[in-house]
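Everything below belongs to model-v5.txt, which stores compact mmCIF, C-alpha atoms.
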# COMPACT_ATOMS: atom_id res chain seq x y z
CA MET A 3 105.47 63.86 242.03
CA ARG A 4 105.52 60.99 239.53
CA ILE A 5 107.65 63.03 237.10
CA THR A 6 110.20 63.72 239.81
CA VAL A 7 110.49 60.00 240.52
CA ILE A 8 111.02 59.24 236.84
CA LYS A 9 113.69 61.95 236.63
CA LEU A 10 115.38 60.47 239.67
CA TRP A 11 115.39 57.01 238.18
CA CYS A 12 116.79 58.33 234.92
CA THR A 13 119.63 60.01 236.76
CA VAL A 14 120.41 56.82 238.67
CA LEU A 15 120.37 54.81 235.45
CA ALA A 16 122.63 57.27 233.66
CA LEU A 17 125.10 57.32 236.52
CA GLY A 18 125.06 53.57 236.67
CA LEU A 19 125.88 53.32 232.96
CA LEU A 20 128.77 55.78 233.04
CA PRO A 21 131.44 53.33 234.17
CA GLY A 22 130.44 51.05 231.32
CA MET A 23 130.72 53.73 228.62
CA PRO A 24 134.35 53.10 227.59
CA ALA A 25 133.53 49.46 227.10
CA LEU A 26 130.64 50.45 224.82
CA LEU A 27 132.91 52.71 222.78
CA ASN A 28 135.37 49.88 222.43
CA ALA A 29 132.60 47.66 221.25
CA ASP A 30 131.85 50.25 218.54
CA ASP A 31 135.47 50.15 217.43
CA SER A 32 135.30 46.45 216.94
CA LEU A 33 132.40 46.97 214.57
CA LEU A 34 134.47 49.12 212.23
CA PRO A 35 135.38 47.38 208.99
CA VAL A 36 138.67 45.55 208.78
CA ILE A 37 140.19 46.84 205.58
CA PRO A 38 142.67 44.47 203.93
CA GLU A 39 146.17 45.83 203.38
CA ALA A 40 147.23 46.80 199.86
CA GLN A 41 149.87 44.66 198.19
CA HIS A 42 152.34 47.52 197.92
CA ARG A 43 152.72 51.25 198.41
CA VAL A 44 152.98 53.67 195.53
CA SER A 45 155.96 55.37 197.19
CA GLU A 46 157.61 55.69 200.59
CA ALA A 47 155.62 58.79 201.33
CA GLN A 48 152.30 57.82 199.79
CA GLY A 49 150.33 54.64 200.14
CA CYS A 50 147.77 54.89 197.36
CA VAL A 51 147.70 56.55 193.95
CA GLU A 52 146.21 59.63 195.62
CA PRO A 53 146.42 60.65 199.28
CA VAL A 54 144.44 58.15 201.33
CA GLU A 55 141.99 60.76 202.68
CA LYS A 56 141.26 61.85 199.14
CA MET A 57 140.78 58.28 197.99
CA ARG A 58 138.36 57.51 200.79
CA LYS A 59 136.20 60.43 199.77
CA ASP A 60 136.61 60.61 196.02
CA HIS A 61 137.65 57.18 194.72
CA MET A 62 134.37 56.78 192.89
CA GLU A 63 134.94 60.01 191.00
CA TYR A 64 138.36 58.88 189.88
CA ILE A 65 137.10 55.51 188.75
CA LEU A 66 134.10 56.95 186.96
CA HIS A 67 136.25 59.49 185.15
CA GLN A 68 138.74 56.85 184.11
CA ARG A 69 135.95 54.52 183.06
CA ASP A 70 134.62 56.89 180.43
CA GLU A 71 138.03 57.93 179.23
CA THR A 72 139.08 54.34 178.78
CA MET A 73 135.92 53.23 177.07
CA TYR A 74 135.34 56.14 174.73
CA GLU A 75 138.85 57.42 174.18
CA GLY A 76 141.03 54.38 174.71
CA ILE A 77 143.03 56.11 177.44
CA ARG A 78 144.58 53.31 179.44
CA THR A 79 146.68 54.97 182.08
CA ARG A 80 146.97 52.93 185.22
CA GLN A 81 146.67 55.46 188.00
CA HIS A 82 142.90 55.44 188.36
CA SER A 83 142.08 52.19 186.67
CA LEU A 84 139.74 49.78 188.40
CA VAL A 85 141.81 46.86 187.21
CA GLU A 86 144.84 48.29 188.98
CA CYS A 87 142.80 48.94 192.15
CA ILE A 88 141.96 45.26 192.21
CA ASN A 89 145.49 44.19 191.32
CA CYS A 90 146.85 46.03 194.34
CA HIS A 91 144.08 45.73 196.88
CA VAL A 92 142.90 42.17 196.37
CA SER A 93 145.02 39.09 196.86
CA ASP A 94 145.54 36.87 193.85
CA ALA A 95 145.43 33.74 195.99
CA PRO A 96 142.99 31.17 194.62
CA ASP A 97 140.90 31.39 197.79
CA ALA A 98 140.93 35.20 197.96
CA ALA A 99 137.69 36.79 199.10
CA ARG A 100 135.09 37.63 196.49
CA TYR A 101 133.16 40.85 196.43
CA GLY A 102 130.26 39.34 198.32
CA SER A 103 132.46 38.88 201.37
CA THR A 104 133.33 41.57 203.91
CA GLU A 105 136.94 40.46 203.56
CA HIS A 106 137.05 41.79 200.01
CA PHE A 107 138.71 45.20 199.97
CA CYS A 108 135.83 47.05 198.32
CA SER A 109 133.09 45.23 200.14
CA SER A 110 134.68 45.67 203.58
CA CYS A 111 133.77 49.34 203.55
CA HIS A 112 130.74 49.28 201.32
CA LYS A 113 129.01 46.71 203.47
CA TYR A 114 129.78 48.77 206.55
CA ALA A 115 128.45 51.92 204.91
CA SER A 116 125.52 50.03 203.44
CA VAL A 117 126.41 51.20 199.96
CA GLN A 118 125.61 48.69 197.30
CA ILE A 119 127.92 48.71 194.30
CA ASP A 120 127.38 46.70 191.16
CA CYS A 121 130.84 47.08 189.60
CA PHE A 122 131.62 43.43 190.14
CA GLN A 123 128.56 42.04 188.46
CA CYS A 124 130.60 42.66 185.33
CA HIS A 125 134.14 43.50 186.39
CA ALA A 126 136.67 41.02 187.74
CA ASP A 127 136.74 41.18 191.54
CA ARG A 128 140.12 39.51 191.78
CA PRO A 129 143.38 40.11 189.99
CA VAL A 130 144.36 37.87 187.12
CA LYS A 131 148.07 38.46 187.26
CA THR A 132 149.07 35.59 185.08
CA SER A 133 147.02 37.06 182.29
CA ARG A 134 148.80 37.95 179.13
CA HIS A 135 146.74 41.13 179.08
CA ASN A 136 149.14 42.59 181.59
CA SER A 137 152.00 42.16 179.23
CA LEU A 138 153.08 45.14 177.21
CA ALA A 139 155.67 43.26 175.24
CA PRO A 140 156.74 45.23 172.20
CA GLY A 141 156.66 44.01 168.68
CA THR A 142 153.82 41.59 169.15
CA MET A 143 151.73 43.40 166.61
CA ARG A 144 153.95 42.30 163.83
CA LEU A 145 151.20 42.28 161.25
CA HIS A 146 151.09 46.01 161.53
CA GLY A 147 154.40 45.85 159.83
CA LYS A 148 156.47 47.51 162.49
CA SER A 149 157.46 46.93 166.06
CA VAL A 150 156.81 49.51 168.63
CA VAL A 151 158.42 51.47 171.39
CA GLU A 152 156.32 52.94 174.12
CA LYS A 153 157.14 55.27 176.93
CA ASP A 154 156.38 52.92 179.73
CA ASP A 155 158.56 51.84 182.62
CA LEU A 156 157.42 48.26 182.49
CA LEU A 157 158.12 48.16 178.83
CA ASN A 158 161.59 49.56 179.27
CA ASP A 159 162.37 46.83 181.77
CA LYS A 160 161.25 44.28 179.26
CA LEU A 161 163.17 45.85 176.45
CA GLN A 162 166.31 45.77 178.52
CA ALA A 163 165.65 42.17 179.49
CA THR A 164 165.28 41.31 175.83
CA ALA A 165 168.37 43.25 174.91
CA ALA A 166 170.34 41.40 177.59
CA GLY A 167 169.61 38.16 175.80
CA GLY A 168 166.53 37.08 177.68
CA THR A 169 163.24 36.44 176.07
CA VAL A 170 160.04 37.94 177.30
CA HIS A 171 157.24 35.49 177.55
CA GLU A 172 153.72 36.63 177.92
CA MET B 22 123.92 33.75 156.03
CA THR B 23 123.47 34.66 152.44
CA ASN B 24 124.88 32.58 149.70
CA SER B 25 128.09 34.03 148.43
CA ARG B 26 126.64 34.50 145.00
CA GLN B 27 124.10 36.91 146.37
CA LEU B 28 126.74 39.24 147.70
CA GLN B 29 126.86 42.55 145.99
CA PRO B 30 130.02 43.56 144.23
CA GLY B 31 131.58 46.93 144.54
CA ALA B 32 131.90 49.22 147.51
CA LEU B 33 135.61 48.79 147.41
CA SER B 34 136.17 52.48 147.18
CA MET B 35 137.41 52.96 150.69
CA SER B 36 137.86 56.55 151.51
CA ASN B 37 141.35 56.03 152.81
CA LYS B 38 142.87 59.09 154.27
CA SER B 39 146.36 58.41 153.13
CA SER B 40 147.91 61.56 154.48
CA PHE B 41 150.69 61.10 156.94
CA ASP B 42 148.78 62.72 159.70
CA SER B 43 149.97 65.10 162.32
CA TYR B 44 149.45 62.71 165.22
CA ARG B 45 151.78 60.15 163.77
CA ARG B 46 154.29 62.77 162.87
CA ARG B 47 154.30 64.06 166.41
CA PHE B 48 154.57 60.55 167.73
CA LEU B 49 157.51 59.69 165.52
CA GLY B 50 159.33 62.64 167.00
CA GLY B 51 158.46 61.49 170.50
CA VAL B 52 159.66 57.98 169.88
CA ALA B 53 162.90 59.09 168.33
CA SER B 54 163.74 60.91 171.52
CA THR B 55 162.62 57.98 173.67
CA VAL B 56 164.83 55.57 171.81
CA ALA B 57 167.74 57.94 172.07
CA GLY B 58 167.32 58.24 175.81
CA MET B 59 166.68 54.64 176.63
CA GLY B 60 170.13 53.21 176.54
CA VAL B 61 169.34 49.96 174.79
CA ALA B 62 172.21 47.53 174.45
CA PRO B 63 174.30 47.92 171.32
CA GLY B 64 173.34 45.76 168.43
CA VAL B 65 169.66 45.90 169.26
CA VAL B 66 167.80 47.80 166.64
CA LEU B 67 164.44 49.17 167.55
CA HIS B 68 162.26 49.74 164.59
CA SER B 69 159.94 52.60 164.83
CA VAL B 70 157.01 53.01 164.62
CA GLY B 71 153.54 51.77 164.02
CA HIS B 72 150.44 53.04 165.67
CA ALA B 73 151.55 53.02 169.25
CA LYS B 74 149.98 55.86 171.10
CA PRO B 75 151.02 56.84 174.59
CA ALA B 76 148.62 55.30 177.09
CA GLY B 77 147.39 58.74 178.13
CA ASP B 78 146.43 59.90 174.65
CA ALA B 79 142.94 59.60 173.26
CA VAL B 80 142.30 57.64 170.10
CA THR B 81 141.73 59.72 167.01
CA GLY B 82 139.93 59.37 163.74
CA ASP B 83 143.26 59.37 161.95
CA VAL B 84 143.33 55.63 162.48
CA ARG B 85 140.68 53.25 161.27
CA TRP B 86 141.13 49.71 162.43
CA GLY B 87 140.14 47.05 159.99
CA MET B 88 140.61 43.44 159.07
CA LEU B 89 141.02 41.43 155.92
CA ILE B 90 140.01 37.79 155.94
CA ASP B 91 141.15 35.51 153.17
CA THR B 92 138.52 32.81 152.92
CA ASN B 93 140.74 30.73 150.67
CA LYS B 94 143.16 30.30 153.55
CA CYS B 95 140.44 29.76 156.15
CA ALA B 96 140.55 26.03 156.83
CA ALA B 97 137.30 24.09 157.03
CA GLY B 98 136.82 22.63 160.47
CA CYS B 99 139.35 24.98 162.06
CA ASP B 100 137.93 27.18 164.78
CA ASP B 101 141.11 28.46 166.38
CA CYS B 102 139.96 32.05 166.05
CA VAL B 103 136.72 31.25 167.87
CA LYS B 104 138.54 29.43 170.65
CA ALA B 105 141.06 32.24 171.01
CA CYS B 106 138.24 34.76 171.30
CA ASP B 107 136.40 32.70 173.91
CA ASP B 108 139.60 32.29 175.87
CA GLU B 109 140.58 35.93 175.61
CA HIS B 110 137.25 37.25 176.83
CA GLY B 111 136.23 34.43 179.11
CA LEU B 112 133.20 33.52 177.02
CA THR B 113 131.91 30.41 178.66
CA GLY B 114 128.85 28.64 177.37
CA PHE B 115 125.93 27.23 179.28
CA ASP B 116 125.36 24.48 176.78
CA ARG B 117 122.62 26.53 175.20
CA PRO B 118 123.86 27.23 171.68
CA GLU B 119 120.85 29.39 170.90
CA THR B 120 121.77 31.99 173.48
CA ASP B 121 125.40 31.42 174.44
CA ALA B 122 127.64 34.39 173.78
CA GLN B 123 129.34 34.30 170.43
CA TRP B 124 131.56 37.14 169.36
CA ILE B 125 132.99 35.35 166.36
CA ARG B 126 131.66 32.29 164.58
CA LYS B 127 132.55 30.14 161.65
CA VAL B 128 130.08 30.28 158.80
CA THR B 129 129.97 27.80 155.95
CA LEU B 130 128.89 29.03 152.54
CA LYS B 131 127.67 26.66 149.92
CA ASP B 132 127.06 27.43 146.31
CA LYS B 133 123.91 25.43 145.65
CA GLN B 134 124.58 25.25 141.94
CA THR B 135 128.13 23.93 142.01
CA GLY B 136 128.25 22.47 145.50
CA HIS B 137 131.38 24.44 146.29
CA THR B 138 131.68 25.15 150.00
CA GLN B 139 133.91 27.52 151.88
CA THR B 140 134.11 28.71 155.46
CA LEU B 141 134.82 32.08 156.95
CA PRO B 142 134.84 33.65 160.37
CA LEU B 143 132.09 36.18 160.91
CA LEU B 144 132.40 38.81 163.59
CA CYS B 145 131.28 42.36 164.23
CA GLN B 146 132.11 44.16 160.99
CA HIS B 147 132.87 47.43 162.76
CA CYS B 148 130.89 49.45 160.26
CA GLU B 149 131.55 53.08 159.59
CA LYS B 150 127.79 53.60 159.77
CA PRO B 151 126.72 50.95 162.25
CA PRO B 152 122.99 50.19 162.37
CA CYS B 153 123.35 49.07 166.00
CA VAL B 154 124.45 52.56 166.94
CA ASP B 155 121.62 54.11 164.94
CA VAL B 156 118.92 52.24 166.79
CA CYS B 157 120.31 52.22 170.35
CA PRO B 158 117.84 54.15 172.52
CA THR B 159 120.31 54.99 175.28
CA GLY B 160 123.49 55.70 173.37
CA ALA B 161 125.15 52.62 174.78
CA SER B 162 126.15 51.38 171.35
CA PHE B 163 128.81 53.66 170.03
CA ARG B 164 131.60 53.86 167.54
CA ARG B 165 134.98 54.91 168.79
CA GLU B 166 136.92 57.53 166.88
CA ASP B 167 139.20 54.86 165.46
CA GLY B 168 136.30 52.87 164.06
CA ILE B 169 135.83 50.23 166.74
CA VAL B 170 132.16 49.67 167.58
CA LEU B 171 131.53 48.98 171.27
CA VAL B 172 128.78 48.75 173.86
CA ASP B 173 128.91 50.93 176.95
CA LYS B 174 127.46 48.35 179.29
CA HIS B 175 127.07 50.93 182.04
CA ILE B 176 124.18 52.44 180.13
CA CYS B 177 122.98 49.43 178.11
CA ILE B 178 119.47 48.54 179.22
CA GLY B 179 119.45 45.20 177.44
CA CYS B 180 116.63 46.02 175.03
CA ARG B 181 118.41 44.08 172.26
CA TYR B 182 117.26 46.45 169.56
CA CYS B 183 120.84 46.49 168.26
CA MET B 184 120.76 42.72 167.90
CA MET B 185 117.74 43.08 165.65
CA ALA B 186 119.38 45.84 163.64
CA CYS B 187 122.71 44.14 163.01
CA PRO B 188 122.70 42.53 159.54
CA TYR B 189 125.55 40.23 160.56
CA LYS B 190 123.94 38.77 163.67
CA ALA B 191 127.13 39.73 165.43
CA ARG B 192 125.79 40.56 168.88
CA SER B 193 124.98 38.45 171.89
CA PHE B 194 122.95 39.05 175.00
CA VAL B 195 124.11 37.86 178.40
CA HIS B 196 121.31 35.86 179.95
CA GLU B 197 123.11 34.47 182.97
CA THR B 198 124.75 35.79 186.08
CA LEU B 199 128.46 35.59 185.42
CA GLN B 200 131.52 35.14 187.57
CA ASP B 201 135.27 35.21 186.98
CA GLN B 202 135.19 37.63 184.09
CA LYS B 203 138.49 38.65 182.60
CA PRO B 204 139.82 41.99 183.87
CA PHE B 205 139.86 43.52 180.40
CA ALA B 206 136.56 42.03 179.29
CA PRO B 207 133.88 43.05 181.77
CA ARG B 208 130.63 41.26 180.95
CA GLY B 209 127.39 41.09 182.84
CA LYS B 210 123.86 39.80 182.81
CA GLY B 211 121.32 41.96 181.05
CA THR B 212 123.67 43.65 178.61
CA VAL B 213 124.47 43.17 174.94
CA GLU B 214 128.00 42.49 173.82
CA SER B 215 129.96 41.79 170.68
CA CYS B 216 133.43 41.65 169.23
CA THR B 217 135.52 44.58 170.43
CA PHE B 218 138.37 44.03 167.98
CA CYS B 219 140.21 43.18 171.23
CA VAL B 220 140.26 46.87 172.01
CA HIS B 221 142.32 46.32 175.15
CA ARG B 222 145.02 44.73 173.05
CA VAL B 223 144.78 47.21 170.20
CA ASP B 224 145.23 50.11 172.63
CA ASN B 225 148.46 48.46 173.72
CA ASP B 226 149.49 48.03 170.10
CA ARG B 227 148.78 44.39 169.95
CA THR B 228 146.79 42.25 167.53
CA PRO B 229 143.33 40.83 168.21
CA ALA B 230 143.36 37.34 169.70
CA CYS B 231 141.66 35.72 166.68
CA VAL B 232 144.26 37.09 164.28
CA GLU B 233 147.05 36.03 166.58
CA ALA B 234 145.64 32.50 166.79
CA CYS B 235 145.17 32.23 163.04
CA THR B 236 148.71 33.39 162.44
CA ALA B 237 150.10 31.11 165.14
CA GLU B 238 148.55 28.16 163.33
CA ASN B 239 150.21 29.38 160.17
CA HIS B 240 146.93 29.81 158.38
CA ASN B 241 147.48 33.53 157.98
CA ALA B 242 143.91 34.01 156.86
CA MET B 243 143.40 37.17 158.92
CA VAL B 244 145.22 40.47 158.72
CA PHE B 245 144.54 43.31 161.11
CA GLY B 246 145.67 46.87 160.78
CA ASP B 247 145.03 50.50 160.09
CA MET B 248 143.05 51.12 156.92
CA ASN B 249 144.10 54.75 156.95
CA ASP B 250 147.79 53.96 156.95
CA PRO B 251 148.92 53.20 153.41
CA ASP B 252 152.02 51.46 154.78
CA SER B 253 150.17 48.98 156.95
CA GLU B 254 150.13 45.36 155.88
CA LEU B 255 146.34 45.56 155.76
CA SER B 256 146.30 48.52 153.40
CA ARG B 257 148.93 46.93 151.21
CA GLN B 258 146.88 43.77 150.85
CA LEU B 259 143.62 45.66 150.37
CA LYS B 260 145.27 47.59 147.58
CA LYS B 261 146.81 44.54 145.99
CA TYR B 262 143.95 42.06 146.15
CA ASN B 263 140.31 42.14 145.36
CA SER B 264 138.19 42.13 148.49
CA ARG B 265 134.54 42.54 149.34
CA GLN B 266 132.29 43.65 152.10
CA ILE B 267 129.51 41.34 153.15
CA ARG B 268 126.22 43.01 152.34
CA ALA B 269 127.99 45.84 150.62
CA ASP B 270 124.57 46.88 149.31
CA LEU B 271 123.78 48.28 152.75
CA GLU B 272 126.63 50.77 152.31
CA LEU B 273 127.80 50.45 155.89
CA ASN B 274 131.47 50.64 154.89
CA THR B 275 132.52 47.74 157.05
CA GLY B 276 135.90 47.52 158.73
CA VAL B 277 136.09 43.80 158.02
CA ARG B 278 136.70 42.80 154.41
CA TYR B 279 136.81 39.39 152.79
CA ARG B 280 138.82 37.87 150.00
CA GLY B 281 137.60 34.91 147.99
CA ILE B 282 133.87 35.25 148.42
Target format structure tokens, applied to this file:
Amino acid sequence: MRITVIKLWCTVLALGLLPGMPALLNADDSLLPVIPEAQHRVSEAQGCVEPVEKMRKDHMEYILHQRDETMYEGIRTRQHSLVECINCHVSDAPDAARYGSTEHFCSSCHKYASVQIDCFQCHADRPVKTSRHNSLAPGTMRLHGKSVVEKDDLLNDKLQATAAGGTVHE
Amino acid sequence: MTNSRQLQPGALSMSNKSSFDSYRRRFLGGVASTVAGMGVAPGVVLHSVGHAKPAGDAVTGDVRWGMLIDTNKCAAGCDDCVKACDDEHGLTGFDRPETDAQWIRKVTLKDKQTGHTQTLPLLCQHCEKPPCVDVCPTGASFRREDGIVLVDKHICIGCRYCMMACPYKARSFVHETLQDQKPFAPRGKGTVESCTFCVHRVDNDRTPACVEACTAENHNAMVFGDMNDPDSELSRQLKKYNSRQIRADLELNTGVRYRGI
């Protein structure tokens, strides 16, 4: 008898909650992380350096792979470089969010997923675009005795700027 | 620092591989075609070609980066190289000279007998047989193919054994939580670090910051280059002038050589 009453009450409760369910789902949506927009798209067709679905799942593999290649072999391509992730995904405004904040691109998701990353204990969490590191100006290594040409789009732009009479400042 | 008179002579027999290696030959070909296809304005001559490697290529043992420091040109009281290094890598101090990071420092040598003093910058000597790499228990200390000695901070456990092993006292330990590191110089608490020969610059065919600063001040006491390339300015000067390794008796075959000590 008592069990029947409990069942009855459960049914009533469930029915009573049904109209409120969409609202609950909406509430869940609002809990999803707000992911900051990237600064620019790689191409018209593709947003990130790899398809977005792939990046969501495998970005750590790309970064890890690049990390070892860069450190041990000096391979400094930009496609999977953490520095370039930050350059594109984090604002260079002076008050841009740091990695501790959910407004930081990386942290927005990692906080949501409760995944703690320690990349930014060492790595820069914001772009330093004014840095001379980003310059690939040719011929700066003059003590090596020779200036240098590199197959790099940025560099070609600079070469042409120099050839047109402009000077390239770092 | 040892007195200069205690330094051992000799060990100048660098085993320079002077052959014009296949990598550079291949690269010359590549560059020739690049220049041809680039459409640079007339009248602009592009000289080819030093050690530039395409960004996607791995470094090879065909290159050995090295440095020659002329202590006669190193001005007493000048620390431009140190400042440039600090600025380049974001090395900020905590007003604790005993433990603050120091990748390059000025050392003063004094001959006790004659009273003659001279100064020189001392940095990681990028040894061919680095003791720091020998003793590292995790493999974090390593020597890149092109002779640059680095720390893989991802696997450094901060034991500081390498600091004990280094005869040049070239390494520092990060004691503090850091912020605002430079993008190309990641540094973090609990890891050991040292001069990287500005590896991020070198990979882009640029000169280390200290050398650039010294040259900019017209002191020209530092020359950086490829010891394996007989045509490099470094090799030319090493061939022409007498130079020494500090603690040559340890037979580490250092990448940094000194003149005038």
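Taking CA of Ala191 (chain B) and CA of Cys145 (chain B) as endpoints, the distance between them is 5.1 Å.
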| field | Surrounding residues of Lys127 (chain B) excluding itself and chain neighbours under 2 positions, 9 Å, only C-alpha atoms, as a PyMOL selection string | value | chain B and resi 97-100+102-103+125+129+140-144
Using only C-alpha atoms, determine which residues lie at most 9 Å from Arg208 (chain B), disregarding the query and same-chain residues fewer than 6 positions distant; provide the list as a compact mmCIF listing (two decimals) with C-alpha atoms, in the coordinates of the input.
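That gives us around_8.txt:
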# COMPACT_ATOMS: atom_id res chain seq x y z
CA GLN A 123 128.56 42.04 188.46
CA CYS A 124 130.60 42.66 185.33
CA HIS A 125 134.14 43.50 186.39
CA HIS B 110 137.25 37.25 176.83
CA LYS B 174 127.46 48.35 179.29
CA VAL B 195 124.11 37.86 178.40
CA LEU B 199 128.46 35.59 185.42
CA GLN B 202 135.19 37.63 184.09
CA GLU B 214 128.00 42.49 173.82
| query | Excluding same-chain residues fewer than 4 positions from region 33-45 of chain A, what lies within 9 Å of it counting all atoms listed in the file, as a VMD selection string? | reply | chain A and resid 28 to 29 49 to 51 89 to 93 104 to 108 110 to 111 113 to 114
| message | Using all atoms listed in the file, can you tell me which of B:Cys183, B:Leu130, B:Ala237, B:Ile282 comes closest to chain A? | response |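 Once distances to chain A are computed over all atoms listed in the file, the minimum belongs to B:Ala237.
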| Separation of CA of Ala126 (chain A) from CA of Asp94 (chain A), in Å and rounded to one decimal |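 Value for the CA of Ala126 (chain A)-CA of Asp94 (chain A) distance: 11.5 Å.
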| Which value, in Å to one decimal, gives the distance between CA of Gly276 (chain B) and CA of His147 (chain B)? |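 Pair CA of Gly276 (chain B) / CA of His147 (chain B) returns 5.0 Å.
Summary of the local environment: counting all atoms listed in the file, residues at most 10 Å from His175 (chain B), other than itself and those fewer than 2 positions away along its chain, are Arg69, Asp70, Cys121 and Cys124 of chain A; Ala161, Val172, Asp173, Cys177, Ile178, Gly209 and Thr212 of chain B.
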Store the residues of this selection in a file with C-alpha atoms, as a PDB file, in the frame of the given file.
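New file out.pdb:
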ATOM      1  CA  ARG A  69     135.950  54.520 183.060  1.00  0.00           C
ATOM      2  CA  ASP A  70     134.620  56.890 180.430  1.00  0.00           C
ATOM      3  CA  CYS A 121     130.840  47.080 189.600  1.00  0.00           C
ATOM      4  CA  CYS A 124     130.600  42.660 185.330  1.00  0.00           C
TER       5      CYS A 124
ATOM      6  CA  ALA B 161     125.150  52.620 174.780  1.00  0.00           C
ATOM      7  CA  VAL B 172     128.780  48.750 173.860  1.00  0.00           C
ATOM      8  CA  ASP B 173     128.910  50.930 176.950  1.00  0.00           C
ATOM      9  CA  CYS B 177     122.980  49.430 178.110  1.00  0.00           C
ATOM     10  CA  ILE B 178     119.470  48.540 179.220  1.00  0.00           C
ATOM     11  CA  GLY B 209     127.390  41.090 182.840  1.00  0.00           C
ATOM     12  CA  THR B 212     123.670  43.650 178.610  1.00  0.00           C
TER      13      THR B 212
END
| Close residues, Leu171 (chain B) itself excluded, 10 Å, all atoms listed in the file, min 2 positions apart in chain, as a PyMOL selection string | (chain A and resi 73-74) or (chain B and resi 145+147+153-154+161-165+168-169+173-174+213-218+220)
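Nearest residue to Phe245 (chain B) among B:Asp121, B:Glu109, B:Asp91, B:Asp201 is B:Asp91, counting all atoms listed in the file.
Ranking A:Ala47, A:Met57, A:Met62, A:Val130 by their shortest atom-to-atom distance to chain B, with all atoms listed in the file included, puts A:Val130 first.
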| query | Of the residues B:Asp224, B:Glu197, B:Glu272, B:Glu238, which is the one nearest to chain A, using only C-alpha atoms? | reply |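 When distances to chain A are compared using only C-alpha atoms, the smallest one comes from B:Asp224.
If you measure from each of B:Arg85, B:Arg257, B:Arg227, B:Arg265 to chain A using only C-alpha atoms, the closest one turns out to be B:Arg227.
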| task | Give the answer as one residue: which of B:Thr228, B:Thr138, B:Thr113, B:Thr120 has the shortest atom-to-atom distance to Gly246 (chain B), using only C-alpha atoms? | result | B:Thr228
Please complete region 95-107 of chain A so it has N, CA and C atoms, and hand it over as a PDB file, in the coordinates of the input.
ATOM      1  N   ALA A  95     145.499  35.140 195.548  1.00  0.00           N
ATOM      2  CA  ALA A  95     145.430  33.740 195.990  1.00  0.00           C
ATOM      3  C   ALA A  95     144.141  33.112 195.474  1.00  0.00           C
ATOM      4  N   PRO A  96     144.176  31.813 195.190  1.00  0.00           N
ATOM      5  CA  PRO A  96     142.990  31.170 194.620  1.00  0.00           C
ATOM      6  C   PRO A  96     141.765  31.264 195.547  1.00  0.00           C
ATOM      7  N   ASP A  97     142.033  31.339 196.856  1.00  0.00           N
ATOM      8  CA  ASP A  97     140.900  31.390 197.790  1.00  0.00           C
ATOM      9  C   ASP A  97     140.640  32.813 198.283  1.00  0.00           C
ATOM     10  N   ALA A  98     141.136  33.797 197.540  1.00  0.00           N
ATOM     11  CA  ALA A  98     140.930  35.200 197.960  1.00  0.00           C
ATOM     12  C   ALA A  98     139.436  35.515 198.017  1.00  0.00           C
ATOM     13  N   ALA A  99     139.102  36.466 198.887  1.00  0.00           N
ATOM     14  CA  ALA A  99     137.690  36.790 199.100  1.00  0.00           C
ATOM     15  C   ALA A  99     137.076  37.373 197.831  1.00  0.00           C
ATOM     16  N   ARG A 100     135.828  37.047 197.610  1.00  0.00           N
ATOM     17  CA  ARG A 100     135.090  37.630 196.490  1.00  0.00           C
ATOM     18  C   ARG A 100     134.344  38.851 196.988  1.00  0.00           C
ATOM     19  N   TYR A 101     133.742  39.562 196.039  1.00  0.00           N
ATOM     20  CA  TYR A 101     133.160  40.850 196.430  1.00  0.00           C
ATOM     21  C   TYR A 101     131.946  40.715 197.349  1.00  0.00           C
ATOM     22  N   GLY A 102     131.392  39.538 197.417  1.00  0.00           N
ATOM     23  CA  GLY A 102     130.260  39.340 198.320  1.00  0.00           C
ATOM     24  C   GLY A 102     130.677  39.269 199.779  1.00  0.00           C
ATOM     25  N   SER A 103     131.974  39.079 200.009  1.00  0.00           N
ATOM     26  CA  SER A 103     132.460  38.880 201.370  1.00  0.00           C
ATOM     27  C   SER A 103     132.977  40.190 201.959  1.00  0.00           C
ATOM     28  N   THR A 104     132.820  40.353 203.273  1.00  0.00           N
ATOM     29  CA  THR A 104     133.330  41.570 203.910  1.00  0.00           C
ATOM     30  C   THR A 104     134.854  41.586 203.930  1.00  0.00           C
ATOM     31  N   GLU A 105     135.475  40.480 203.592  1.00  0.00           N
ATOM     32  CA  GLU A 105     136.940  40.460 203.560  1.00  0.00           C
ATOM     33  C   GLU A 105     137.495  40.979 202.234  1.00  0.00           C
ATOM     34  N   HIS A 106     136.627  41.188 201.275  1.00  0.00           N
ATOM     35  CA  HIS A 106     137.050  41.790 200.010  1.00  0.00           C
ATOM     36  C   HIS A 106     137.273  43.272 200.244  1.00  0.00           C
ATOM     37  N   PHE A 107     138.343  43.813 199.669  1.00  0.00           N
ATOM     38  CA  PHE A 107     138.710  45.200 199.970  1.00  0.00           C
ATOM     39  C   PHE A 107     137.535  46.158 199.760  1.00  0.00           C
TER      40      PHE A 107
END
